[in-house]
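Peer 1: What follows is the file entry_12.pdb, containing PDB, C-alpha atoms and all ligand atoms:
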```pdb
ATOM      1  CA  MET F 955      -9.499  68.452   6.975
ATOM      2  CA  PHE F 956     -12.128  69.544   9.454
ATOM      3  CA  ASN F 957     -14.365  66.642  10.463
ATOM      4  CA  TYR F 958     -17.661  67.524  12.105
ATOM      5  CA  ALA F 959     -18.539  63.905  12.884
ATOM      6  CA  THR F 960     -15.369  63.610  15.003
ATOM      7  CA  ILE F 961     -16.030  66.934  16.719
ATOM      8  CA  ASN F 962     -19.547  65.793  17.447
ATOM      9  CA  LYS F 963     -18.323  62.580  19.099
ATOM     10  CA  LYS F 964     -15.782  64.612  21.056
ATOM     11  CA  ASN F 965     -18.586  66.987  22.048
ATOM     12  CA  LEU F 966     -20.683  64.121  23.346
ATOM     13  CA  SER F 967     -17.966  62.770  25.627
ATOM     14  CA  LEU F 968     -16.738  66.213  26.716
ATOM     15  CA  GLY F 969     -20.283  67.353  27.359
ATOM     16  CA  PHE F 970     -21.036  64.291  29.450
ATOM     17  CA  PHE F 971     -17.890  64.608  31.612
ATOM     18  CA  SER F 972     -18.195  68.361  32.021
ATOM     19  CA  GLN F 973     -21.784  67.954  33.206
ATOM     20  CA  GLN F 974     -20.751  65.223  35.688
ATOM     21  CA  TRP F 975     -17.905  67.435  36.984
ATOM     22  CA  LYS F 976     -20.290  70.361  37.408
ATOM     23  CA  ASN F 977     -22.677  68.109  39.363
ATOM     24  CA  ILE F 978     -19.887  66.850  41.668
ATOM     25  CA  THR F 979     -18.471  70.319  42.410
ATOM     26  CA  HIS F 980     -21.984  71.624  42.981
ATOM     27  CA  MET F 981     -22.726  68.806  45.477
ATOM     28  CA  PHE F 982     -19.633  69.685  47.548
ATOM     29  CA  GLY F 983     -20.232  73.408  47.360
ATOM     30  CA  GLY F 984     -17.165  73.959  45.141
ATOM     31  CA  SER F 985     -16.460  77.143  43.225
ATOM     32  CA  PRO F 986     -18.043  77.504  39.756
ATOM     33  CA  GLN F 987     -16.061  75.693  37.087
ATOM     34  CA  PRO F 988     -14.964  77.320  33.826
ATOM     35  CA  GLU F 989     -17.208  76.734  30.816
ATOM     36  CA  PRO F 990     -16.511  73.464  28.953
ATOM     37  CA  GLU F 991     -14.540  73.873  25.735
ATOM     38  CA  THR F 992     -17.618  72.935  23.706
ATOM     39  CA  LEU F 993     -18.944  76.386  24.629
ATOM     40  CA  ILE F 994     -17.364  79.577  23.330
ATOM     41  CA  GLY F 995     -18.257  83.249  23.779
ATOM     42  CA  GLU F 996     -21.792  84.227  22.805
ATOM     43  CA  TRP F 997     -21.769  84.467  18.984
ATOM     44  CA  ARG F 998     -25.388  85.490  18.527
ATOM     45  CA  LYS F 999     -27.708  87.576  20.649
ATOM     46  CA  ILE F1000     -30.945  85.698  21.112
ATOM     47  CA  ARG F1001     -33.766  87.700  22.594
ATOM     48  CA  TRP F1002     -34.639  85.246  25.362
ATOM     49  CA  GLY F1003     -37.774  86.217  27.195
ATOM     50  CA  GLN F1004     -39.093  88.268  24.244
ATOM     51  CA  GLN F1005     -41.323  85.500  22.931
ATOM     52  CA  GLU F1006     -44.458  87.351  24.091
ATOM     53  CA  GLU F1007     -43.517  90.263  21.835
ATOM     54  CA  ASP F1008     -42.944  87.940  18.856
ATOM     55  CA  LEU F1009     -46.221  86.183  19.627
ATOM     56  CA  GLN F1010     -48.050  89.523  19.599
ATOM     57  CA  PHE F1011     -46.367  90.431  16.302
ATOM     58  CA  MET F1012     -47.639  87.163  14.829
ATOM     59  CA  LYS F1013     -51.156  87.736  16.180
ATOM     60  CA  ASP F1014     -51.325  91.262  14.755
ATOM     61  CA  TYR F1015     -49.716  90.458  11.418
ATOM     62  CA  GLN F1016     -51.711  90.954   8.191
ATOM     63  CA  PRO F1017     -50.089  91.163   4.742
ATOM     64  CA  TYR F1018     -50.114  94.778   3.562
ATOM     65  CA  ASN F1019     -50.582  93.698  -0.058
ATOM     66  CA  LYS F1020     -54.348  93.144  -0.498
ATOM     67  CA  GLU F1021     -53.778  90.678  -3.355
ATOM     68  CA  VAL F1022     -52.400  88.214  -0.822
ATOM     69  CA  LYS F1023     -54.529  86.945   2.054
ATOM     70  CA  GLN F1024     -51.807  84.643   3.307
ATOM     71  CA  LEU F1025     -48.064  84.205   2.940
ATOM     72  CA  ARG F1026     -47.044  80.882   1.442
ATOM     73  CA  VAL F1027     -44.034  79.268   3.113
ATOM     74  CA  LEU F1028     -42.525  76.297   1.310
ATOM     75  CA  LEU F1029     -40.504  73.835   3.389
ATOM     76  CA  HIS F1030     -37.869  71.669   1.760
ATOM     77  CA  GLY F1031     -34.911  69.639   2.971
ATOM     78  CA  PRO F1032     -33.743  66.084   3.547
ATOM     79  CA  ILE F1033     -36.088  63.367   4.786
ATOM     80  CA  GLY F1034     -36.262  63.254   8.569
ATOM     81  CA  SER F1035     -34.732  66.721   8.993
ATOM     82  CA  GLY F1036     -37.755  67.938  10.958
ATOM     83  CA  LYS F1037     -39.992  69.716   8.410
ATOM     84  CA  SER F1038     -43.273  68.338   9.758
ATOM     85  CA  SER F1039     -42.010  68.792  13.330
ATOM     86  CA  PHE F1040     -41.233  72.448  12.594
ATOM     87  CA  ILE F1041     -44.836  73.055  11.474
ATOM     88  CA  ASN F1042     -46.042  71.334  14.651
ATOM     89  CA  SER F1043     -43.642  73.417  16.737
ATOM     90  CA  VAL F1044     -44.808  76.720  15.238
ATOM     91  CA  GLU F1045     -48.401  75.692  15.855
ATOM     92  CA  SER F1046     -47.502  74.659  19.426
ATOM     93  CA  ALA F1047     -45.721  77.962  20.142
ATOM     94  CA  LEU F1048     -48.634  79.979  18.723
ATOM     95  CA  ARG F1049     -51.325  78.018  20.535
ATOM     96  CA  GLY F1050     -49.405  77.624  23.797
ATOM     97  CA  LYS F1051     -49.801  73.855  23.818
ATOM     98  CA  VAL F1052     -47.969  71.008  22.123
ATOM     99  CA  THR F1053     -49.811  69.823  19.030
ATOM    100  CA  GLY F1054     -49.030  67.084  16.529
ATOM    101  CA  ARG F1055     -51.075  67.672  13.410
ATOM    102  CA  ALA F1056     -48.510  67.537  10.584
ATOM    103  CA  LEU F1057     -47.589  63.884  10.910
ATOM    104  CA  THR F1058     -43.982  63.288  11.839
ATOM    105  CA  ASP F1059     -42.136  60.145  11.021
ATOM    106  CA  THR F1060     -40.100  58.476  13.737
ATOM    107  CA  ILE F1061     -38.797  55.803  11.368
ATOM    108  CA  SER F1062     -36.021  57.292   9.310
ATOM    109  CA  GLY F1063     -35.626  56.211   5.710
ATOM    110  CA  GLU F1064     -38.179  56.834   3.014
ATOM    111  CA  SER F1065     -40.001  60.109   2.968
ATOM    112  CA  PHE F1066     -43.273  59.975   4.845
ATOM    113  CA  THR F1067     -44.824  62.944   3.069
ATOM    114  CA  ILE F1068     -45.663  62.152  -0.542
ATOM    115  CA  LYS F1069     -48.865  64.077  -1.012
ATOM    116  CA  ARG F1070     -48.406  67.844  -1.159
ATOM    117  CA  ARG F1071     -50.120  69.272   1.889
ATOM    118  CA  THR F1072     -50.748  72.809   3.009
ATOM    119  CA  PHE F1073     -51.188  73.579   6.683
ATOM    120  CA  LYS F1074     -53.055  76.492   8.188
ATOM    121  CA  ILE F1075     -52.866  77.394  11.853
ATOM    122  CA  ASP F1076     -56.063  78.010  13.722
ATOM    123  CA  LYS F1077     -56.219  81.397  15.431
ATOM    124  CA  GLY F1078     -58.584  81.219  18.361
ATOM    125  CA  GLY F1079     -60.870  78.424  17.151
ATOM    126  CA  LYS F1080     -63.589  80.536  15.427
ATOM    127  CA  GLY F1081     -62.723  79.556  11.878
ATOM    128  CA  THR F1082     -60.023  82.222  11.740
ATOM    129  CA  PHE F1083     -56.488  81.335  10.717
ATOM    130  CA  TYR F1084     -53.066  82.976  10.861
ATOM    131  CA  PRO F1085     -52.343  84.688   7.529
ATOM    132  CA  PHE F1086     -49.570  82.295   6.580
ATOM    133  CA  VAL F1087     -49.589  78.693   5.387
ATOM    134  CA  PHE F1088     -46.930  76.017   5.202
ATOM    135  CA  THR F1089     -46.533  73.678   2.305
ATOM    136  CA  ASP F1090     -44.811  70.488   3.394
ATOM    137  CA  LEU F1091     -43.083  68.625   0.585
ATOM    138  CA  MET F1092     -41.714  65.164   0.224
ATOM    139  CA  GLY F1093     -38.056  65.144   1.364
ATOM    140  CA  ILE F1094     -35.059  65.753  -0.818
ATOM    141  CA  GLU F1095     -33.024  62.586  -1.154
ATOM    142  CA  GLY F1096     -29.407  62.041  -2.055
ATOM    143  CA  SER F1097     -29.765  59.969  -5.180
ATOM    144  CA  GLU F1098     -31.409  60.926  -8.469
ATOM    145  CA  LYS F1099     -34.399  58.625  -8.190
ATOM    146  CA  GLN F1100     -35.256  59.102  -4.533
ATOM    147  CA  GLY F1101     -37.261  61.884  -2.999
ATOM    148  CA  ILE F1102     -38.851  64.825  -4.744
ATOM    149  CA  CYS F1103     -37.699  65.974  -8.213
ATOM    150  CA  VAL F1104     -36.003  69.352  -8.025
ATOM    151  CA  GLU F1105     -38.040  70.411 -11.088
ATOM    152  CA  ASP F1106     -41.232  69.870  -9.053
ATOM    153  CA  ILE F1107     -39.935  72.174  -6.301
ATOM    154  CA  LYS F1108     -39.200  74.854  -8.903
ATOM    155  CA  LEU F1109     -42.712  74.498 -10.377
ATOM    156  CA  ASP F1110     -44.169  74.586  -6.871
ATOM    157  CA  MET F1111     -42.366  77.866  -6.158
ATOM    158  CA  LYS F1112     -44.013  79.384  -9.230
ATOM    159  CA  GLY F1113     -47.430  78.238  -7.970
ATOM    160  CA  HIS F1114     -48.028  75.500 -10.556
ATOM    161  CA  ILE F1115     -48.709  72.596  -8.176
ATOM    162  CA  LYS F1116     -52.020  72.191  -6.387
ATOM    163  CA  ASP F1117     -52.583  70.554  -3.035
ATOM    164  CA  ALA F1118     -53.339  66.837  -3.105
ATOM    165  CA  TYR F1119     -50.772  66.265  -5.835
ATOM    166  CA  ASN F1120     -48.826  63.065  -5.197
ATOM    167  CA  PHE F1121     -45.140  63.635  -5.880
ATOM    168  CA  ASN F1122     -43.478  61.052  -8.055
ATOM    169  CA  PRO F1123     -39.729  60.628  -7.444
ATOM    170  CA  TYR F1124     -39.308  59.347 -11.014
ATOM    171  CA  SER F1125     -40.876  62.187 -12.966
ATOM    172  CA  GLU F1126     -41.992  65.766 -12.601
ATOM    173  CA  ILE F1127     -45.650  66.839 -12.844
ATOM    174  CA  SER F1128     -47.024  67.055 -16.378
ATOM    175  CA  GLU F1129     -48.879  70.128 -17.620
ATOM    176  CA  ASN F1130     -51.891  67.890 -18.296
ATOM    177  CA  ASP F1131     -52.121  66.681 -14.712
ATOM    178  CA  PRO F1132     -55.398  67.835 -13.037
ATOM    179  CA  ASN F1133     -53.260  69.146 -10.147
ATOM    180  CA  TYR F1134     -51.186  71.359 -12.468
ATOM    181  CA  ASN F1135     -52.199  74.996 -12.078
ATOM    182  CA  LYS F1136     -51.729  76.639 -15.480
ATOM    183  CA  SER F1137     -52.312  80.208 -14.383
ATOM    184  CA  PRO F1138     -51.115  80.770 -10.814
ATOM    185  CA  THR F1139     -51.987  84.014  -9.024
ATOM    186  CA  LEU F1140     -49.630  85.888  -6.703
ATOM    187  CA  GLU F1141     -51.292  84.047  -3.829
ATOM    188  CA  ASP F1142     -50.502  80.602  -5.314
ATOM    189  CA  LYS F1143     -46.817  81.443  -5.559
ATOM    190  CA  VAL F1144     -44.299  80.741  -2.827
ATOM    191  CA  HIS F1145     -43.276  83.829  -0.853
ATOM    192  CA  VAL F1146     -40.565  82.369   1.394
ATOM    193  CA  LEU F1147     -38.494  79.241   0.965
ATOM    194  CA  VAL F1148     -37.407  77.518   4.156
ATOM    195  CA  CYS F1149     -34.729  74.873   4.024
ATOM    196  CA  ILE F1150     -34.807  72.565   7.028
ATOM    197  CA  ILE F1151     -31.500  70.929   7.982
ATOM    198  CA  ASP F1152     -30.803  68.535  10.853
ATOM    199  CA  ALA F1153     -27.853  69.969  12.832
ATOM    200  CA  SER F1154     -26.848  66.537  14.094
ATOM    201  CA  LYS F1155     -26.466  65.234  10.542
ATOM    202  CA  ALA F1156     -25.382  68.381   8.700
ATOM    203  CA  SER F1157     -21.828  67.077   8.346
ATOM    204  CA  LEU F1158     -23.112  63.844   6.828
ATOM    205  CA  LEU F1159     -25.118  65.459   4.036
ATOM    206  CA  SER F1160     -24.178  63.846   0.740
ATOM    207  CA  ASN F1161     -22.875  65.986  -2.107
ATOM    208  CA  GLU F1162     -25.980  65.007  -4.122
ATOM    209  CA  SER F1163     -28.284  66.331  -1.378
ATOM    210  CA  LYS F1164     -26.265  69.536  -1.086
ATOM    211  CA  ASN F1165     -26.341  69.985  -4.868
ATOM    212  CA  LYS F1166     -30.108  69.515  -4.944
ATOM    213  CA  MET F1167     -30.576  72.028  -2.133
ATOM    214  CA  ARG F1168     -28.254  74.518  -3.814
ATOM    215  CA  GLU F1169     -30.168  74.100  -7.083
ATOM    216  CA  VAL F1170     -33.470  74.812  -5.310
ATOM    217  CA  ARG F1171     -31.919  77.830  -3.630
ATOM    218  CA  LEU F1172     -30.600  79.207  -6.891
ATOM    219  CA  ALA F1173     -34.005  78.760  -8.531
ATOM    220  CA  ALA F1174     -35.570  80.666  -5.615
ATOM    221  CA  SER F1175     -33.077  83.492  -5.850
ATOM    222  CA  ARG F1176     -33.676  83.787  -9.612
ATOM    223  CA  LEU F1177     -37.367  84.249  -8.802
ATOM    224  CA  GLY F1178     -36.412  86.729  -6.068
ATOM    225  CA  ILE F1179     -37.879  84.467  -3.368
ATOM    226  CA  PRO F1180     -36.159  84.999  -0.003
ATOM    227  CA  GLU F1181     -34.729  81.995   1.807
ATOM    228  CA  VAL F1182     -34.210  81.041   5.423
ATOM    229  CA  VAL F1183     -32.496  77.943   6.802
ATOM    230  CA  VAL F1184     -33.892  76.386   9.961
ATOM    231  CA  LEU F1185     -31.339  74.214  11.724
ATOM    232  CA  THR F1186     -33.231  71.615  13.778
ATOM    233  CA  LYS F1187     -32.225  69.012  16.387
ATOM    234  CA  ILE F1188     -29.689  71.314  18.040
ATOM    235  CA  ASP F1189     -30.320  69.241  21.171
ATOM    236  CA  GLU F1190     -29.133  66.068  19.425
ATOM    237  CA  ALA F1191     -26.154  67.842  17.882
ATOM    238  CA  CYS F1192     -24.715  69.330  21.085
ATOM    239  CA  PRO F1193     -24.978  67.853  24.613
ATOM    240  CA  GLU F1194     -24.618  71.300  26.206
ATOM    241  CA  VAL F1195     -27.697  72.422  24.283
ATOM    242  CA  ARG F1196     -29.531  69.271  25.307
ATOM    243  CA  SER F1197     -28.914  70.134  28.961
ATOM    244  CA  ASP F1198     -29.847  73.804  28.437
ATOM    245  CA  VAL F1199     -31.331  75.136  25.176
ATOM    246  CA  LYS F1200     -29.986  78.604  26.052
ATOM    247  CA  ASN F1201     -26.448  77.307  25.398
ATOM    248  CA  VAL F1202     -27.212  77.312  21.674
ATOM    249  CA  CYS F1203     -25.765  80.793  21.157
ATOM    250  CA  LYS F1204     -22.505  79.687  22.824
ATOM    251  CA  SER F1205     -22.159  76.243  21.261
ATOM    252  CA  LYS F1206     -18.986  75.855  19.230
ATOM    253  CA  TYR F1207     -20.399  72.941  17.263
ATOM    254  CA  ILE F1208     -23.618  74.789  16.292
ATOM    255  CA  LYS F1209     -21.617  77.873  15.245
ATOM    256  CA  GLU F1210     -19.283  75.768  13.089
ATOM    257  CA  THR F1211     -22.212  73.893  11.565
ATOM    258  CA  MET F1212     -23.922  77.181  10.697
ATOM    259  CA  ASP F1213     -20.740  78.578   9.130
ATOM    260  CA  LYS F1214     -20.347  75.420   7.056
ATOM    261  CA  ILE F1215     -23.979  75.511   5.847
ATOM    262  CA  SER F1216     -23.576  79.176   5.023
ATOM    263  CA  VAL F1217     -20.620  78.354   2.749
ATOM    264  CA  ASP F1218     -22.167  75.184   1.264
ATOM    265  CA  LEU F1219     -25.477  76.808   0.367
ATOM    266  CA  GLY F1220     -24.189  80.312  -0.241
ATOM    267  CA  LEU F1221     -26.391  81.965   2.363
ATOM    268  CA  GLN F1222     -25.607  84.618   5.007
ATOM    269  CA  PRO F1223     -25.248  83.129   8.530
ATOM    270  CA  ASN F1224     -27.875  85.623   9.783
ATOM    271  CA  CYS F1225     -30.482  83.804   7.640
ATOM    272  CA  ILE F1226     -29.805  80.550   9.503
ATOM    273  CA  PHE F1227     -31.914  79.910  12.601
ATOM    274  CA  PRO F1228     -31.109  77.167  15.092
ATOM    275  CA  VAL F1229     -34.229  75.640  16.676
ATOM    276  CA  LYS F1230     -35.246  72.782  18.880
ATOM    277  CA  ASN F1231     -38.566  71.308  17.811
ATOM    278  CA  TYR F1232     -41.183  70.073  20.229
ATOM    279  CA  ASN F1233     -40.700  66.339  19.848
ATOM    280  CA  THR F1234     -40.779  64.783  23.322
ATOM    281  CA  GLU F1235     -42.117  67.694  25.401
ATOM    282  CA  MET F1236     -45.648  67.482  26.781
ATOM    283  CA  GLU F1237     -45.860  71.246  27.297
ATOM    284  CA  THR F1238     -44.450  74.320  25.605
ATOM    285  CA  ASN F1239     -41.619  76.279  27.251
ATOM    286  CA  ASP F1240     -40.236  79.816  26.901
ATOM    287  CA  GLU F1241     -36.776  78.907  25.556
ATOM    288  CA  ILE F1242     -38.022  76.636  22.743
ATOM    289  CA  ASP F1243     -40.775  79.174  21.955
ATOM    290  CA  SER F1244     -38.170  81.970  21.723
ATOM    291  CA  LEU F1245     -36.147  80.102  19.073
ATOM    292  CA  ILE F1246     -39.182  78.973  17.076
ATOM    293  CA  LEU F1247     -40.839  82.397  17.141
ATOM    294  CA  SER F1248     -37.684  84.320  16.232
ATOM    295  CA  ALA F1249     -37.255  82.080  13.154
ATOM    296  CA  MET F1250     -40.936  82.593  12.305
ATOM    297  CA  LYS F1251     -40.698  86.356  12.726
ATOM    298  CA  ARG F1252     -37.875  86.486  10.182
ATOM    299  CA  ILE F1253     -39.840  84.226   7.810
ATOM    300  CA  ILE F1254     -42.827  86.608   8.013
ATOM    301  CA  ASP F1255     -40.620  89.713   7.594
ATOM    302  CA  PHE F1256     -39.007  88.256   4.471
ATOM    303  CA  GLY F1257     -42.335  87.094   2.997
ATOM    304  CA  GLU F1258     -43.941  90.482   3.672
ATOM    305  CA  ASP F1259     -41.074  92.323   1.917
ATOM    306  CA  PHE F1260     -41.305  89.954  -1.048
ATOM    307  CA  VAL F1261     -45.047  90.358  -1.673
ATOM    308  CA  ASN F1262     -44.765  94.133  -1.293
ATOM    309  CA  GLU F1263     -41.932  94.329  -3.801
ATOM    310  CA  LEU F1264     -44.012  92.303  -6.275
ATOM    311  CA  GLN F1265     -46.823  94.813  -5.932
ATOM    312  CA  ALA F1266     -44.526  97.806  -6.394
TER
HETATM  313  N1  LIG I1301     -34.282  65.610  19.264
HETATM  314  C1  LIG I1301     -34.963  66.190  18.266
HETATM  315  N2  LIG I1301     -35.706  65.440  17.432
HETATM  316  C2  LIG I1301     -36.383  66.060  16.444
HETATM  317  C3  LIG I1301     -36.340  67.485  16.266
HETATM  318  N3  LIG I1301     -37.118  67.791  15.189
HETATM  319  C4  LIG I1301     -37.609  66.626  14.719
HETATM  320  N4  LIG I1301     -37.187  65.585  15.459
HETATM  321  C5  LIG I1301     -37.485  64.150  15.245
HETATM  322  O1  LIG I1301     -36.961  63.770  13.966
HETATM  323  C6  LIG I1301     -37.814  62.814  13.338
HETATM  324  C7  LIG I1301     -38.162  63.258  11.915
HETATM  325  O2  LIG I1301     -38.919  64.473  11.971
HETATM  326  P1  LIG I1301     -39.999  64.867  10.839
HETATM  327  O3  LIG I1301     -40.586  66.173  11.289
HETATM  328  O4  LIG I1301     -40.929  63.743  10.563
HETATM  329  O5  LIG I1301     -39.055  65.080   9.576
HETATM  330  P2  LIG I1301     -39.464  65.411   8.047
HETATM  331  O6  LIG I1301     -39.283  64.128   7.278
HETATM  332  O7  LIG I1301     -38.482  66.439   7.585
HETATM  333  O8  LIG I1301     -40.873  65.924   8.039
HETATM  334  C8  LIG I1301     -39.021  62.642  14.263
HETATM  335  O9  LIG I1301     -38.805  61.498  15.056
HETATM  336  C9  LIG I1301     -38.994  63.899  15.143
HETATM  337  O10 LIG I1301     -39.551  63.670  16.427
HETATM  338  C10 LIG I1301     -35.551  68.270  17.187
HETATM  339  O11 LIG I1301     -35.422  69.512  17.100
HETATM  340  N5  LIG I1301     -34.891  67.551  18.160
HETATM  341 MG    MG I1302     -42.591  65.240   6.945
END
```
Rewrite the coordinates I just gave you, this time as structure tokens.
Ligand SMILES: Nc1nc2c(ncn2[C@@H]2O[C@H](COP(=O)(O)OP(=O)(O)O)[C@@H](O)[C@H]2O)c(=O)[nH]1
Ligand SMILES: [Mg+2]
Peer 2:
Amino acid sequence: MFNYATINKKNLSLGFFSQQWKNITHMFGGSPQPEPETLIGEWRKIRWGQQEEDLQFMKDYQPYNKEVKQLRVLLHGPIGSGKSSFINSVESALRGKVTGRALTDTISGESFTIKRRTFKIDKGGKGTFYPFVFTDLMGIEGSEKQGICVEDIKLDMKGHIKDAYNFNPYSEISENDPNYNKSPTLEDKVHVLVCIIDASKASLLSNESKNKMREVRLAASRLGIPEVVVLTKIDEACPEVRSDVKNVCKSKYIKETMDKISVDLGLQPNCIFPVKNYNTEMETNDEIDSLILSAMKRIIDFGEDFVNELQA
């Protein structure tokens, strides 16, 4: 059977040696070496250098449907997969500087986010915000009694859970809870569901976690809510990507991981977006911005279509 963990280890050693060999041949003026076997032909066209265009799209964007002032993007996925970091990275790409507002947890283990929190992104500092918000949920855990209840995610998608609600891994929200919204408007509902998966650990996802994610996805599709997968930590998953983010669209490991996720979750590969979050960088850069903004553009496109269909 295909084992991603083994491939990943092989990638690490191959990537290391191929980089060393490239360095040696370069030092002695040798001819260019063939691509390492961890890289294959380009399997996706990424519009490198078009981030300014995507940025302008984001700046100009306003939902057409007047009932909705902002698109609601719900993030879910395993603990430590990079949900909070993705919000930070979008904010960083939009503001042109690395920010760190949605707290990220460097200690893996229990979910850091327990309180439901919604994040807006400041647009120019005059009390104006981008017309989309992110709701960051407690992580999905493998076992029954860890992490957020899937029922709570379903209720959240329908707009029943208010901010400040503290998720309880042992039971779903009750209708009598002060943070239960009995009559949600279109604006309270979720317009796009984003599943965040760590590329370096995708092969290690437990069946329980995959089942929970599939259940959430099915609930979203029953409600007609579009879904996107954001595949984070591509730098940790593939050494060739770590040395150059642009190698992502040629990485064999990333392609295979995306194909596997597509089958496991029942989602088209073109709805899966590989990204590198801003985690150690002090400044933003064009390549990371390109990946983050192209994922965001698709998220906005999907959300916009969804709210317009609801109006029709
Ligand atoms: N190398 C790398 N680390 C990342 C990336 N995204 C997130 N991280 C790190 O992964 C850890 C967990 O991220 P966090 O955003 O808190 O995960 P959450 O629990 O899903 O919100 C933090 O230490 C982040 O710095 C990425 O794309 N690459
Ligand atoms: Mg978090």
Peer 1: Out of F:Ile1075, F:Ile1151, F:Cys1203, F:Ile1000, which residue has the shortest atom-to-atom distance to Leu1219 (chain F) when counting all atoms listed in the file?
Peer 2: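 Counting all atoms listed in the file, the residue closest to Leu1219 (chain F) is F:Ile1151.
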Peer 1: For the structure provided, state which residues fall under the PyMOL selection byres (((chain F and resi 1018) around 10) and not hetatm), and present them as an MDAnalysis selection string.
Peer 2: chainID F and resid 1015:1017 1019:1023 1258:1259 1261:1262
Peer 1: Could you list the residues chosen by the PyMOL selection byres (((chain F and resi 1250) around 10) and not hetatm) in this structure as a PyMOL selection string?
Peer 2: chain F and resi 1008-1009+1012+1044+1182+1184+1227+1244-1249+1251-1256
Peer 1: Convert the output of the PyMOL selection byres (((chain F and resi 1204-1210) around 6) and not hetatm) on the shown file into explicit residues, formatted as a count of residues only.
Peer 2: 11
Peer 1: Distance CA of Gly1113 (chain F)-CA of Lys1166 (chain F), one decimal place?
Peer 2: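 Between these atoms lies a distance of 19.6 Å.
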Peer 1: Provide the CA of Val1170 (chain F) to CA of Glu1141 (chain F) distance in Å, to one decimal place.
Peer 2: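 Taking CA of Val1170 (chain F) as the start and CA of Glu1141 (chain F) as the end point, the length is 20.1 Å.
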Peer 1: Excluding Tyr1119 (chain F) and residues on its chain fewer than 5 positions from it, collect all residues at most 12 Å away from it, counting all atoms listed in the file, and give them as a list in words.
Peer 2: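 Once the adjacent positions are removed, what remains is Thr1067, Ile1068, Lys1069, Arg1070, Arg1071, Thr1072, Thr1089, Asp1090, Leu1091, Met1092, Asp1106, Asp1110, His1114, Glu1126, Ile1127, Ser1128, Asp1131, Pro1132, Asn1133, Tyr1134 and Asn1135 of chain F.
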Peer 1: Work out how far atom C4 of ligand LIG 1301 (chain I) is from CA of Phe1121 (chain F), in Å to one decimal.
Peer 2: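 Between CA of Phe1121 (chain F) and atom C4 of ligand LIG 1301 (chain I) the gap is 22.1 Å.
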